[in-house]
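Enquirer: Got a structure for you, entry.csv, holding CSV, C-alpha atoms and all ligand atoms.
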```csv
chain,number,residue,atom,x,y,z
K,105,MET,CA,0.0,0.0,0.0
K,106,LYS,CA,1.2,3.5,-0.8
K,107,LYS,CA,2.2,5.6,2.1
K,108,VAL,CA,0.7,9.1,2.0
K,109,SER,CA,1.4,12.5,3.6
K,110,VAL,CA,-1.1,14.6,5.5
K,111,GLN,CA,-0.7,18.4,5.4
K,112,CYS,CA,-2.7,21.0,7.2
K,113,ARG,CA,-2.3,24.4,5.7
K,114,ASN,CA,-3.4,27.4,7.8
K,115,ILE,CA,-6.5,25.7,9.1
K,116,ARG,CA,-9.0,27.7,11.1
K,117,LEU,CA,-12.2,26.4,12.7
K,118,SER,CA,-14.7,28.2,14.8
K,119,TYR,CA,-17.7,27.0,16.8
K,120,GLY,CA,-19.9,30.1,16.7
K,121,ALA,CA,-17.8,33.0,17.9
K,122,THR,CA,-15.1,30.8,19.4
K,123,GLU,CA,-12.1,30.0,17.3
K,124,VAL,CA,-11.0,26.5,18.3
K,125,LEU,CA,-8.2,25.9,15.7
K,126,LYS,CA,-6.1,28.9,14.9
K,127,ASP,CA,-3.9,28.7,11.8
K,128,VAL,CA,-2.9,25.1,12.2
K,129,ASP,CA,0.0,24.2,10.0
K,130,LEU,CA,1.3,20.6,10.1
K,131,ASP,CA,3.3,18.3,7.7
K,132,ILE,CA,2.9,14.7,8.5
K,133,GLN,CA,5.2,12.4,6.6
K,134,PRO,CA,4.2,9.3,4.7
K,135,GLY,CA,4.2,6.3,7.2
K,136,GLU,CA,4.8,8.5,10.2
K,137,PHE,CA,3.3,7.8,13.7
K,138,PHE,CA,2.4,11.3,14.7
K,139,ALA,CA,1.0,12.3,18.1
K,140,LEU,CA,-1.2,15.3,18.8
K,141,LEU,CA,-0.5,16.2,22.4
K,142,GLY,CA,-2.3,18.8,24.5
K,143,PRO,CA,-4.5,19.4,27.5
K,144,SER,CA,-8.2,18.9,27.5
K,145,GLY,CA,-10.0,21.4,25.3
K,146,SER,CA,-6.9,22.4,23.3
K,147,GLY,CA,-8.5,21.3,20.0
K,148,LYS,CA,-7.0,17.9,19.4
K,149,SER,CA,-10.2,16.0,18.7
K,150,THR,CA,-11.6,18.9,16.6
K,151,LEU,CA,-8.5,18.6,14.4
K,152,LEU,CA,-8.8,14.8,14.1
K,153,ARG,CA,-12.5,15.0,13.3
K,154,LEU,CA,-11.7,17.7,10.7
K,155,ILE,CA,-9.2,15.3,9.0
K,156,ALA,CA,-11.8,12.5,9.1
K,157,GLY,CA,-14.3,14.9,7.5
K,158,PHE,CA,-16.8,15.3,10.4
K,159,ASN,CA,-15.8,18.9,10.9
K,160,ARG,CA,-15.4,21.6,8.3
K,161,ALA,CA,-12.6,24.3,8.4
K,162,SER,CA,-13.6,27.9,8.1
K,163,SER,CA,-10.4,28.4,6.1
K,164,GLY,CA,-7.3,26.6,5.1
K,165,GLN,CA,-6.5,23.4,3.2
K,166,LEU,CA,-6.2,19.8,4.1
K,167,LEU,CA,-4.0,17.8,1.7
K,168,VAL,CA,-3.7,14.0,1.7
K,169,ASP,CA,-1.0,12.7,-0.7
K,170,GLY,CA,-0.9,16.3,-2.1
K,171,VAL,CA,-4.6,16.4,-2.9
K,172,ASP,CA,-7.0,18.9,-1.2
K,173,ILE,CA,-9.7,16.7,0.3
K,174,SER,CA,-11.5,19.5,2.2
K,175,GLY,CA,-14.6,19.2,-0.1
K,176,GLN,CA,-14.9,15.4,0.3
K,177,ALA,CA,-17.4,13.7,2.6
K,178,PRO,CA,-16.0,11.3,5.3
K,179,TRP,CA,-16.9,8.2,3.3
K,180,GLN,CA,-15.1,9.5,0.2
K,181,ARG,CA,-11.8,10.0,2.1
K,182,ASN,CA,-10.7,6.5,2.9
K,183,ILE,CA,-9.5,7.6,6.3
K,184,GLY,CA,-10.0,5.2,9.2
K,185,MET,CA,-10.8,6.5,12.7
K,186,VAL,CA,-10.8,4.7,16.0
K,187,PHE,CA,-12.8,6.4,18.7
K,188,GLN,CA,-12.1,6.5,22.4
K,189,SER,CA,-15.3,4.7,23.1
K,190,TYR,CA,-14.6,2.0,20.4
K,191,ALA,CA,-18.2,2.4,19.2
K,192,LEU,CA,-18.6,-1.4,18.6
K,193,TRP,CA,-22.1,-2.8,17.8
K,194,PRO,CA,-23.1,-4.7,21.0
K,195,HIS,CA,-25.6,-7.0,19.2
K,196,MET,CA,-23.1,-8.1,16.6
K,197,THR,CA,-20.3,-10.7,16.9
K,198,VAL,CA,-16.7,-9.6,16.7
K,199,TRP,CA,-16.6,-11.0,13.1
K,200,ASP,CA,-19.6,-9.0,12.0
K,201,ASN,CA,-18.3,-5.9,13.7
K,202,VAL,CA,-15.1,-6.1,11.7
K,203,ALA,CA,-16.9,-7.1,8.5
K,204,PHE,CA,-19.4,-4.2,8.8
K,205,GLY,CA,-17.5,-1.6,6.7
K,206,LEU,CA,-16.8,-4.1,4.0
K,207,VAL,CA,-20.4,-5.3,3.8
K,208,GLU,CA,-21.5,-1.6,3.6
K,209,ARG,CA,-19.1,-1.1,0.7
K,210,LYS,CA,-20.6,-4.2,-1.0
K,211,VAL,CA,-17.3,-6.1,-1.2
K,212,ALA,CA,-17.5,-9.6,-2.5
K,213,ARG,CA,-18.2,-12.2,0.2
K,214,ALA,CA,-15.1,-14.3,-0.4
K,215,THR,CA,-12.9,-11.1,-0.1
K,216,ILE,CA,-14.7,-10.1,3.1
K,217,LYS,CA,-13.9,-13.5,4.6
K,218,SER,CA,-10.2,-13.3,3.8
K,219,ARG,CA,-9.8,-9.7,4.8
K,220,VAL,CA,-11.7,-10.0,8.1
K,221,GLY,CA,-9.7,-13.1,8.9
K,222,ALA,CA,-6.5,-11.3,8.2
K,223,ALA,CA,-7.5,-8.3,10.2
K,224,LEU,CA,-8.4,-10.4,13.2
K,225,GLU,CA,-5.2,-12.3,13.0
K,226,LEU,CA,-3.3,-9.0,12.8
K,227,VAL,CA,-4.7,-8.0,16.2
K,228,GLY,CA,-4.4,-11.5,17.7
K,229,LEU,CA,-8.2,-12.2,17.8
K,230,GLN,CA,-8.5,-14.9,15.2
K,231,ASP,CA,-10.2,-17.2,17.8
K,232,TYR,CA,-12.7,-14.6,19.1
K,233,GLY,CA,-14.8,-14.0,15.9
K,234,ALA,CA,-18.0,-15.6,17.4
K,235,ARG,CA,-18.0,-13.5,20.6
K,236,ARG,CA,-19.9,-10.4,21.3
K,237,PRO,CA,-18.1,-7.2,22.6
K,238,ASN,CA,-19.4,-7.7,26.1
K,239,GLN,CA,-17.6,-11.0,26.3
K,240,LEU,CA,-14.3,-9.4,25.7
K,241,SER,CA,-11.9,-7.5,28.0
K,242,GLY,CA,-11.3,-3.8,27.4
K,243,GLY,CA,-8.0,-4.5,25.6
K,244,GLN,CA,-9.7,-7.0,23.3
K,245,GLN,CA,-12.5,-4.6,22.5
K,246,GLN,CA,-9.8,-2.0,21.7
K,247,ARG,CA,-8.3,-4.5,19.2
K,248,VAL,CA,-11.7,-5.2,17.6
K,249,ALA,CA,-12.1,-1.5,17.1
K,250,LEU,CA,-8.7,-1.4,15.4
K,251,ALA,CA,-9.3,-4.4,13.3
K,252,ARG,CA,-12.6,-2.9,12.1
K,253,THR,CA,-10.8,0.2,11.0
K,254,ILE,CA,-7.8,-1.4,9.3
K,255,VAL,CA,-9.9,-3.9,7.5
K,256,ILE,CA,-11.1,-1.2,5.1
K,257,GLU,CA,-7.4,-0.5,4.3
K,258,PRO,CA,-7.5,3.2,4.9
K,259,LYS,CA,-4.8,5.5,3.6
K,260,VAL,CA,-4.6,7.3,7.0
K,261,LEU,CA,-5.4,6.0,10.5
K,262,LEU,CA,-6.7,8.4,13.1
K,263,LEU,CA,-6.7,7.4,16.8
K,264,ASP,CA,-8.6,9.5,19.3
K,265,GLU,CA,-7.3,8.7,22.8
K,266,PRO,CA,-7.5,5.0,21.9
K,267,LEU,CA,-6.0,3.8,25.1
K,268,SER,CA,-7.6,6.0,27.7
K,269,ASN,CA,-10.3,3.5,28.7
K,270,LEU,CA,-7.7,0.9,29.7
K,271,ASP,CA,-6.0,0.5,33.0
K,272,LYS,CA,-2.4,1.5,33.3
K,273,THR,CA,-0.7,-1.9,32.8
K,274,LEU,CA,-2.8,-2.6,29.7
K,275,ARG,CA,-2.3,0.9,28.4
K,276,VAL,CA,1.5,0.5,28.5
K,277,GLN,CA,1.3,-2.9,26.8
K,278,MET,CA,-1.2,-1.8,24.2
K,279,ARG,CA,0.7,1.3,23.1
K,280,GLN,CA,3.6,-1.0,22.1
K,281,GLU,CA,1.2,-3.3,20.3
K,282,LEU,CA,-0.3,-0.3,18.5
K,283,LEU,CA,3.1,0.9,17.4
K,284,ALA,CA,4.2,-2.6,16.2
K,285,LEU,CA,0.9,-2.8,14.2
K,286,GLN,CA,1.4,0.6,12.7
K,287,ARG,CA,5.0,-0.3,11.7
K,288,ARG,CA,3.8,-3.6,10.1
K,289,LEU,CA,1.1,-1.8,8.1
K,290,GLY,CA,3.2,1.3,7.4
K,291,ILE,CA,0.1,3.4,7.5
K,292,THR,CA,0.4,7.2,8.2
K,293,THR,CA,-1.1,7.5,11.7
K,294,LEU,CA,-2.3,10.4,13.8
K,295,PHE,CA,-2.7,9.7,17.4
K,296,VAL,CA,-4.5,12.1,19.9
K,297,THR,CA,-3.5,12.0,23.5
K,298,HIS,CA,-3.3,14.2,26.6
K,299,ASP,CA,-0.7,11.8,28.1
K,300,GLN,CA,2.8,13.0,27.4
K,301,GLU,CA,4.3,9.6,28.3
K,302,GLU,CA,2.1,7.9,25.7
K,303,ALA,CA,3.1,10.4,23.0
K,304,MET,CA,6.8,10.3,23.9
K,305,THR,CA,7.0,6.5,24.0
K,306,THR,CA,5.3,5.9,20.6
K,307,ALA,CA,5.5,8.9,18.3
K,308,ASP,CA,8.1,9.5,15.6
K,309,ARG,CA,7.2,13.2,16.0
K,310,MET,CA,4.6,15.1,17.9
K,311,ALA,CA,2.8,18.4,17.9
K,312,VAL,CA,2.0,20.1,21.2
K,313,LEU,CA,-1.3,22.1,21.0
K,314,ASP,CA,-2.6,24.7,23.4
K,315,GLN,CA,-5.8,26.7,22.9
K,316,GLY,CA,-6.0,25.7,19.2
K,317,VAL,CA,-2.4,26.8,18.4
K,318,VAL,CA,0.4,24.5,17.5
K,319,GLN,CA,3.2,25.4,20.0
K,320,GLN,CA,5.9,23.1,18.7
K,321,VAL,CA,6.5,20.1,16.4
K,322,GLY,CA,9.4,17.7,16.6
K,323,ALA,CA,10.7,14.4,17.8
K,324,PRO,CA,9.9,13.6,21.5
K,325,ALA,CA,13.5,14.1,22.7
K,326,ALA,CA,13.8,17.4,20.8
K,327,LEU,CA,10.7,18.8,22.5
K,328,TYR,CA,11.9,17.5,25.8
K,329,ASP,CA,15.4,18.9,25.5
K,330,ASP,CA,14.6,22.1,23.7
K,331,PRO,CA,11.1,23.3,24.3
K,332,VAL,CA,10.4,26.6,22.6
K,333,ASN,CA,8.3,28.1,25.4
K,334,THR,CA,7.3,27.6,29.0
K,335,PHE,CA,4.0,25.8,28.0
K,336,VAL,CA,5.8,23.1,26.1
K,337,ALA,CA,8.5,22.9,28.8
K,338,ASN,CA,5.8,22.2,31.4
K,339,PHE,CA,3.6,20.0,29.4
K,340,VAL,CA,6.3,17.6,28.2
K,341,GLY,CA,7.8,16.4,31.4
K,342,THR,CA,8.5,18.5,34.6
K,343,MET,CA,10.5,21.7,34.3
K,344,ASN,CA,12.0,24.1,36.8
K,345,LEU,CA,11.5,27.7,35.8
K,346,LEU,CA,13.3,30.7,37.3
K,347,PRO,CA,12.5,34.2,36.1
K,348,GLY,CA,15.6,36.3,35.5
K,349,ARG,CA,16.9,39.6,34.1
K,350,VAL,CA,19.8,39.7,31.7
K,351,ARG,CA,22.7,41.7,33.2
K,352,GLU,CA,25.3,41.0,30.7
K,353,ARG,CA,25.7,39.0,27.4
K,354,GLY,CA,29.3,37.8,26.8
K,355,GLY,CA,30.7,35.8,23.9
K,356,ASP,CA,29.3,32.4,25.0
K,357,THR,CA,27.7,33.1,28.3
K,358,VAL,CA,25.0,35.3,29.7
K,359,THR,CA,24.8,36.6,33.2
K,360,LEU,CA,21.4,36.8,34.8
K,361,ASP,CA,20.0,38.2,38.0
K,362,ILE,CA,17.5,35.7,39.4
K,363,GLU,CA,14.9,37.2,41.7
K,364,GLY,CA,15.4,36.0,45.2
K,365,VAL,CA,18.4,33.8,44.3
K,366,GLY,CA,21.3,35.9,43.0
K,367,ARG,CA,23.5,36.1,40.0
K,368,LEU,CA,24.0,33.2,37.7
K,369,VAL,CA,26.2,32.7,34.6
K,370,VAL,CA,24.9,30.2,32.0
K,371,PRO,CA,26.0,29.2,28.5
K,372,LEU,CA,24.6,31.3,25.7
K,373,ARG,CA,23.0,29.2,22.9
K,374,PRO,CA,22.2,30.3,19.3
K,375,GLU,CA,18.4,30.1,20.0
K,376,THR,CA,18.5,32.1,23.2
K,377,PRO,CA,15.9,34.9,22.9
K,378,GLN,CA,17.2,38.4,22.7
K,379,ALA,CA,14.9,39.7,25.4
K,380,GLU,CA,16.1,41.4,28.6
K,381,SER,CA,13.7,39.3,30.7
K,382,LEU,CA,14.2,35.5,30.4
K,383,MET,CA,13.1,32.2,32.0
K,384,LEU,CA,15.9,29.9,33.2
K,385,SER,CA,14.7,26.3,32.7
K,386,PHE,CA,16.1,23.0,33.7
K,387,ARG,CA,14.8,19.5,34.4
K,388,PRO,CA,14.7,18.0,37.9
K,389,HIS,CA,17.3,15.3,37.1
K,390,THR,CA,19.9,17.8,36.0
K,391,LEU,CA,20.3,19.0,39.6
K,392,ARG,CA,22.3,17.1,42.2
K,393,LEU,CA,21.7,17.3,45.9
K,394,ASP,CA,24.7,17.5,48.3
K,395,ARG,CA,25.4,18.3,51.9
K,396,PRO,CA,26.0,22.0,52.3
K,397,GLY,CA,29.6,23.1,51.6
K,398,ALA,CA,30.2,20.2,49.1
K,399,ALA,CA,32.8,21.1,46.4
K,400,PRO,CA,31.0,22.1,43.2
K,401,GLY,CA,31.8,20.4,39.9
K,402,ALA,CA,33.7,22.4,37.3
K,403,GLN,CA,30.8,22.8,35.0
K,404,SER,CA,28.0,23.3,37.5
K,405,ILE,CA,26.2,26.2,39.2
K,406,THR,CA,25.8,25.9,42.9
K,407,LEU,CA,22.7,27.0,44.8
K,408,PRO,CA,22.0,26.8,48.5
K,409,GLY,CA,18.6,25.5,49.5
K,410,THR,CA,16.4,23.8,52.1
K,411,VAL,CA,14.4,20.6,51.6
K,412,GLU,CA,10.7,21.3,51.8
K,413,ALA,CA,9.3,17.9,50.9
K,414,SER,CA,10.2,14.6,49.4
K,415,GLU,CA,8.3,12.0,47.4
K,416,PHE,CA,9.6,8.4,47.0
K,417,LEU,CA,8.7,7.4,43.4
K,418,GLY,CA,10.7,4.1,43.3
K,419,GLU,CA,13.4,4.8,40.7
K,420,VAL,CA,13.9,8.3,42.0
K,421,THR,CA,13.1,10.4,45.0
K,422,ARG,CA,11.6,13.8,44.0
K,423,TYR,CA,12.6,16.6,46.4
K,424,ARG,CA,11.1,20.0,46.6
K,425,VAL,CA,13.9,22.3,47.5
K,426,ARG,CA,13.4,26.0,48.5
K,427,VAL,CA,16.0,28.3,46.9
K,428,GLY,CA,15.4,31.9,47.8
K,429,ALA,CA,11.9,32.8,46.7
K,430,HIS,CA,11.5,29.7,44.5
K,431,SER,CA,10.7,26.0,45.0
K,432,LEU,CA,12.6,23.6,42.7
K,433,ALA,CA,12.0,19.9,41.8
K,434,VAL,CA,15.1,17.8,42.1
K,435,ASP,CA,15.2,14.1,41.2
K,436,GLU,CA,17.8,11.9,42.9
K,437,GLN,CA,18.2,8.4,41.6
K,438,HIS,CA,17.4,5.9,44.3
K,439,ARG,CA,19.8,3.2,45.5
K,440,ALA,CA,19.0,0.8,48.3
K,441,GLY,CA,20.8,1.9,51.4
K,442,GLY,CA,21.5,5.4,49.8
K,443,ALA,CA,21.2,8.4,52.1
K,444,ALA,CA,18.0,10.4,51.9
K,445,PHE,CA,17.9,14.1,52.5
K,446,ALA,CA,15.7,15.1,55.5
K,447,VAL,CA,12.8,17.6,55.2
K,448,GLY,CA,13.9,20.8,56.8
K,449,GLY,CA,17.6,20.2,56.2
K,450,ALA,CA,20.0,22.5,54.4
K,451,VAL,CA,21.4,21.3,51.1
K,452,SER,CA,23.6,22.4,48.3
K,453,LEU,CA,22.2,22.1,44.8
K,454,ALA,CA,24.6,21.6,41.8
K,455,LEU,CA,23.1,22.5,38.4
K,456,GLU,CA,24.8,21.3,35.3
K,457,ALA,CA,25.2,24.5,33.3
K,458,SER,CA,25.0,22.7,29.9
K,459,GLN,CA,21.5,21.5,30.7
K,460,VAL,CA,20.1,25.0,31.3
K,461,ARG,CA,17.9,26.5,28.5
K,462,LEU,CA,16.8,30.2,28.4
K,463,LEU,CA,13.2,30.7,27.3
K,464,ALA,CA,11.2,33.9,26.6
K,465,ARG,CA,8.9,34.9,29.6
V,501,LIG,P1,-9.5,18.3,23.0
V,501,LIG,O1,-9.7,17.1,22.1
V,501,LIG,O2,-8.1,18.8,22.9
V,501,LIG,O3,-9.9,18.0,24.5
V,501,LIG,P2,-11.7,19.5,21.6
V,501,LIG,O4,-11.2,19.5,20.2
V,501,LIG,O5,-12.6,18.4,22.0
V,501,LIG,O6,-10.4,19.5,22.6
V,501,LIG,O7,-12.3,20.9,22.0
V,501,LIG,C1,-11.7,22.1,21.7
V,501,LIG,C2,-12.6,23.3,22.1
V,501,LIG,O8,-13.8,23.3,21.3
V,501,LIG,C3,-13.1,23.2,23.6
V,501,LIG,O9,-13.1,24.4,24.1
V,501,LIG,C4,-14.5,22.6,23.4
V,501,LIG,O10,-15.4,23.0,24.5
V,501,LIG,C5,-15.0,23.2,22.1
V,501,LIG,N1,-15.9,22.4,21.3
V,501,LIG,C6,-15.7,21.1,21.0
V,501,LIG,N2,-16.8,20.6,20.2
V,501,LIG,C7,-17.7,21.7,20.2
V,501,LIG,C8,-19.0,21.8,19.6
V,501,LIG,N3,-19.6,20.8,18.9
V,501,LIG,N4,-19.6,23.0,19.8
V,501,LIG,C9,-19.0,24.0,20.5
V,501,LIG,N5,-17.8,23.9,21.0
V,501,LIG,C10,-17.1,22.8,20.9
```
For this file, produce the structure as structure tokens.
Expert:
Amino acid sequence: MKKVSVQCRNIRLSYGATEVLKDVDLDIQPGEFFALLGPSGSGKSTLLRLIAGFNRASSGQLLVDGVDISGQAPWQRNIGMVFQSYALWPHMTVWDNVAFGLVERKVARATIKSRVGAALELVGLQDYGARRPNQLSGGQQQRVALARTIVIEPKVLLLDEPLSNLDKTLRVQMRQELLALQRRLGITTLFVTHDQEEAMTTADRMAVLDQGVVQQVGAPAALYDDPVNTFVANFVGTMNLLPGRVRERGGDTVTLDIEGVGRLVVPLRPETPQAESLMLSFRPHTLRLDRPGAAPGAQSITLPGTVEASEFLGEVTRYRVRVGAHSLAVDEQHRAGGAAFAVGGAVSLALEASQVRLLAR
């Protein structure tokens, strides 16, 4: 099957006076597993439904394989969509649920038999054809919904929070299955989720949406390491943010005054904004906790602090450490028998300078 691209060109969509999609521009590559990530209400489902043909844009273009399909009805688009609720027919067997789309399209009976059989096998449900949806687990129902969609051999697969009805263990297992299936089919896939872990573990690339605006597009690690703004920084993982004023820009460093902390010198990067007022950002695991007075590493910035709280998360302990007027998250890798830092105790924080990014405020 030919792999196709999906392109959104300056797409706008309003419900009444409320603009829900604001100039959405996306280029999804043929065969890509692409995640749309954003908080509830950011416009993810609206965009997915627009691609499926259930919503109409007020302006802009939607191209699939280079062809504008904006004017096509959903059934003309050959785009498959899996809904969060699965939307299986309860009175039909698994087999009939999967065959439904082919029967509707008046496909020959022998072809239906072989294609339904192949789709069920692909999702590991070849022995469940005679069951009804209520005789299946949540994960199995999910697979039926997938089989029912892929059996029509869509050019593009749309998944709207397909795993959110499953419990945590199953969700983690199913997201790998989903990715494996997508790779086997090679079908261009858009996956909507509000769960950053889900997006990061599966997507080739992802777009972060907020209030109908695409904030950033890129590979998961690129968005995690180099978020373009504080929204992406906070939404993709946990980020510490310290507001500061630029005191001096040198050749490869910038000196900042941080309110309630003091003066810090951090590396200047090509993408550092020119503004006078900046946000210092760094991840919790790029800080190290020491007893007060510990010798700082050559490449690190040292800050004195007080432990406010700690949470044992298994792999790491997450501390909240007060530094001047700010509270920072610090992750310390856990080792059996390793020393913990007591709440209320004074500590020294070492921050790896190379891990600091400066964002616009
Ligand atoms: P998400 O999928 O990111 O949770 P949605 O695309 O469902 O967000 O919704 C985006 C915004 O559009 C929300 O503010 C929502 O209330 C609004 N919205 C969604 N559907 C409709 C509708 N049919 N009529 C009016 N407003 C809607």
Enquirer: Would you mind reading off the distance between atom CA of Ala251 of chain K and atom CA of Val276 of chain K, one decimal, in Å?
Expert: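 Interatomic distance, atom CA of Ala251 of chain K to atom CA of Val276 of chain K: 19.3 Å.
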Enquirer: Counting all atoms listed in the file, figure out which residue out of K:Leu282, K:Leu391, K:Val186, K:Ala399 gets nearest to Gln437 of chain K.
Expert: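 Of the candidates, the smallest distance to Gln437 of chain K is held by K:Leu391.
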Enquirer: Taking 2 positions as the minimum chain separation for residues in the same chain, which residues sit within 10 Å of Ala433 of chain K when counting only C-alpha atoms? Answer as a list in words.
Expert: Thr342, Met343, Asn344, Leu345, Phe386, Arg387, Pro388, His389, Leu391, Ala413, Ser414, Arg422, Tyr423, Arg424, Val425, Arg426, Ser431, Asp435 and Glu436 of chain K
Enquirer: Applying 8 Å and all atoms listed in the file, which residues near Thr197 of chain K remain after dropping the ones on its own chain fewer than 6 positions away? List them as a PDB file with C-alpha atoms, in the frame of the given file.
Expert:
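Here's the written file around-v2.pdb:
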```
ATOM      1  CA  GLY K 233     -14.800 -14.000  15.900  1.00  0.00           C
ATOM      2  CA  ALA K 234     -18.000 -15.600  17.400  1.00  0.00           C
ATOM      3  CA  ARG K 235     -18.000 -13.500  20.600  1.00  0.00           C
ATOM      4  CA  ARG K 236     -19.900 -10.400  21.300  1.00  0.00           C
ATOM      5  CA  PRO K 237     -18.100  -7.200  22.600  1.00  0.00           C
TER       6      PRO K 237
END
```
Enquirer: Within 9 Å of ligand LIG 501 (chain V) (counting only C-alpha atoms and all ligand atoms), which residues show up? I'd like them as an MDAnalysis selection string.
Expert: chainID K and resid 118:120 122:125 140:153 264:265 296:298 313:316
Enquirer: Taking 5 positions as the minimum chain separation for residues in the same chain, which residues sit within 10 Å of segment 179-185 of chain K when counting all atoms listed in the file? Answer as a list of chain:residue names.
Expert: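 Those residues are K:Leu152, K:Arg153, K:Ile155, K:Ala156, K:Gly157, K:Val168, K:Ile173, K:Ser174, K:Tyr190, K:Arg209, K:Ala249, K:Leu250, K:Arg252, K:Thr253, K:Ile254, K:Val255, K:Ile256, K:Glu257, K:Pro258, K:Lys259, K:Val260, K:Leu261, K:Leu262, K:Leu263, K:Asp264, K:Pro266, K:Thr293, K:Leu294, K:Phe295.
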Enquirer: Produce a file of the selected residues containing C-alpha atoms, as a PDB file, in the coordinates of the input.
Expert:
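See selection_28.pdb below for the written result:
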```
ATOM      1  CA  LEU K 152      -8.800  14.800  14.100  1.00  0.00           C
ATOM      2  CA  ARG K 153     -12.500  15.000  13.300  1.00  0.00           C
ATOM      3  CA  ILE K 155      -9.200  15.300   9.000  1.00  0.00           C
ATOM      4  CA  ALA K 156     -11.800  12.500   9.100  1.00  0.00           C
ATOM      5  CA  GLY K 157     -14.300  14.900   7.500  1.00  0.00           C
ATOM      6  CA  VAL K 168      -3.700  14.000   1.700  1.00  0.00           C
ATOM      7  CA  ILE K 173      -9.700  16.700   0.300  1.00  0.00           C
ATOM      8  CA  SER K 174     -11.500  19.500   2.200  1.00  0.00           C
ATOM      9  CA  TYR K 190     -14.600   2.000  20.400  1.00  0.00           C
ATOM     10  CA  ARG K 209     -19.100  -1.100   0.700  1.00  0.00           C
ATOM     11  CA  ALA K 249     -12.100  -1.500  17.100  1.00  0.00           C
ATOM     12  CA  LEU K 250      -8.700  -1.400  15.400  1.00  0.00           C
ATOM     13  CA  ARG K 252     -12.600  -2.900  12.100  1.00  0.00           C
ATOM     14  CA  THR K 253     -10.800   0.200  11.000  1.00  0.00           C
ATOM     15  CA  ILE K 254      -7.800  -1.400   9.300  1.00  0.00           C
ATOM     16  CA  VAL K 255      -9.900  -3.900   7.500  1.00  0.00           C
ATOM     17  CA  ILE K 256     -11.100  -1.200   5.100  1.00  0.00           C
ATOM     18  CA  GLU K 257      -7.400  -0.500   4.300  1.00  0.00           C
ATOM     19  CA  PRO K 258      -7.500   3.200   4.900  1.00  0.00           C
ATOM     20  CA  LYS K 259      -4.800   5.500   3.600  1.00  0.00           C
ATOM     21  CA  VAL K 260      -4.600   7.300   7.000  1.00  0.00           C
ATOM     22  CA  LEU K 261      -5.400   6.000  10.500  1.00  0.00           C
ATOM     23  CA  LEU K 262      -6.700   8.400  13.100  1.00  0.00           C
ATOM     24  CA  LEU K 263      -6.700   7.400  16.800  1.00  0.00           C
ATOM     25  CA  ASP K 264      -8.600   9.500  19.300  1.00  0.00           C
ATOM     26  CA  PRO K 266      -7.500   5.000  21.900  1.00  0.00           C
ATOM     27  CA  THR K 293      -1.100   7.500  11.700  1.00  0.00           C
ATOM     28  CA  LEU K 294      -2.300  10.400  13.800  1.00  0.00           C
ATOM     29  CA  PHE K 295      -2.700   9.700  17.400  1.00  0.00           C
TER      30      PHE K 295
END
```
Enquirer: Grab the atom CA of Ser385 of chain K to atom CA of Leu463 of chain K distance for me, in Å with one decimal place.
Expert: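 Interatomic distance, atom CA of Ser385 of chain K to atom CA of Leu463 of chain K: 7.1 Å.
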Enquirer: Given the choices K:Ser163, K:Asn338, K:Gln188, K:Asn238, which gets closest to Leu270 of chain K if the distance is worked out from all atoms listed in the file?
Expert: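 The answer is K:Gln188, which sits nearest to Leu270 of chain K.
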Enquirer: Figure out the distance between atom CA of Leu285 of chain K and atom CA of Lys106 of chain K, please, to one decimal in Å.
Expert: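 Rounded to one decimal, the two atoms are 16.3 Å apart.
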Enquirer: Looking at all atoms listed in the file, which of K:Asn269, K:Gln280, K:Thr410, K:Ser452 is the one that sits closest to Ser241 of chain K?
Expert: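 Nearest to Ser241 of chain K: K:Asn269.
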Enquirer: Would you mind telling me which residue in K:Ala337, K:Leu283, K:Val447, K:Val318 lies nearest to Thr306 of chain K when using only C-alpha atoms?
Expert: K:Leu283
Enquirer: What would segment 221-228 of chain K look like with N, CA and C atoms restored, written as a PDB file, in the frame of the given file?
Expert:
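So the final result, stored in selection-v3.pdb, reads:
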```
ATOM      1  N   GLY K 221     -10.602 -12.156   8.267  1.00  0.00           N
ATOM      2  CA  GLY K 221      -9.700 -13.100   8.900  1.00  0.00           C
ATOM      3  C   GLY K 221      -8.324 -12.573   9.107  1.00  0.00           C
ATOM      4  N   ALA K 222      -7.816 -11.883   8.079  1.00  0.00           N
ATOM      5  CA  ALA K 222      -6.500 -11.300   8.200  1.00  0.00           C
ATOM      6  C   ALA K 222      -6.405 -10.207   9.215  1.00  0.00           C
ATOM      7  N   ALA K 223      -7.462  -9.366   9.269  1.00  0.00           N
ATOM      8  CA  ALA K 223      -7.500  -8.300  10.200  1.00  0.00           C
ATOM      9  C   ALA K 223      -7.525  -8.785  11.658  1.00  0.00           C
ATOM     10  N   LEU K 224      -8.350  -9.814  11.880  1.00  0.00           N
ATOM     11  CA  LEU K 224      -8.400 -10.400  13.200  1.00  0.00           C
ATOM     12  C   LEU K 224      -7.122 -11.032  13.642  1.00  0.00           C
ATOM     13  N   GLU K 225      -6.484 -11.656  12.672  1.00  0.00           N
ATOM     14  CA  GLU K 225      -5.200 -12.300  13.000  1.00  0.00           C
ATOM     15  C   GLU K 225      -4.147 -11.231  13.316  1.00  0.00           C
ATOM     16  N   LEU K 226      -4.207 -10.136  12.607  1.00  0.00           N
ATOM     17  CA  LEU K 226      -3.300  -9.000  12.800  1.00  0.00           C
ATOM     18  C   LEU K 226      -3.347  -8.501  14.254  1.00  0.00           C
ATOM     19  N   VAL K 227      -4.542  -8.495  14.832  1.00  0.00           N
ATOM     20  CA  VAL K 227      -4.700  -8.000  16.200  1.00  0.00           C
ATOM     21  C   VAL K 227      -4.764  -9.145  17.214  1.00  0.00           C
ATOM     22  N   GLY K 228      -4.491 -10.359  16.757  1.00  0.00           N
ATOM     23  CA  GLY K 228      -4.400 -11.500  17.700  1.00  0.00           C
ATOM     24  C   GLY K 228      -5.784 -11.993  18.168  1.00  0.00           C
TER      25      GLY K 228
END
```
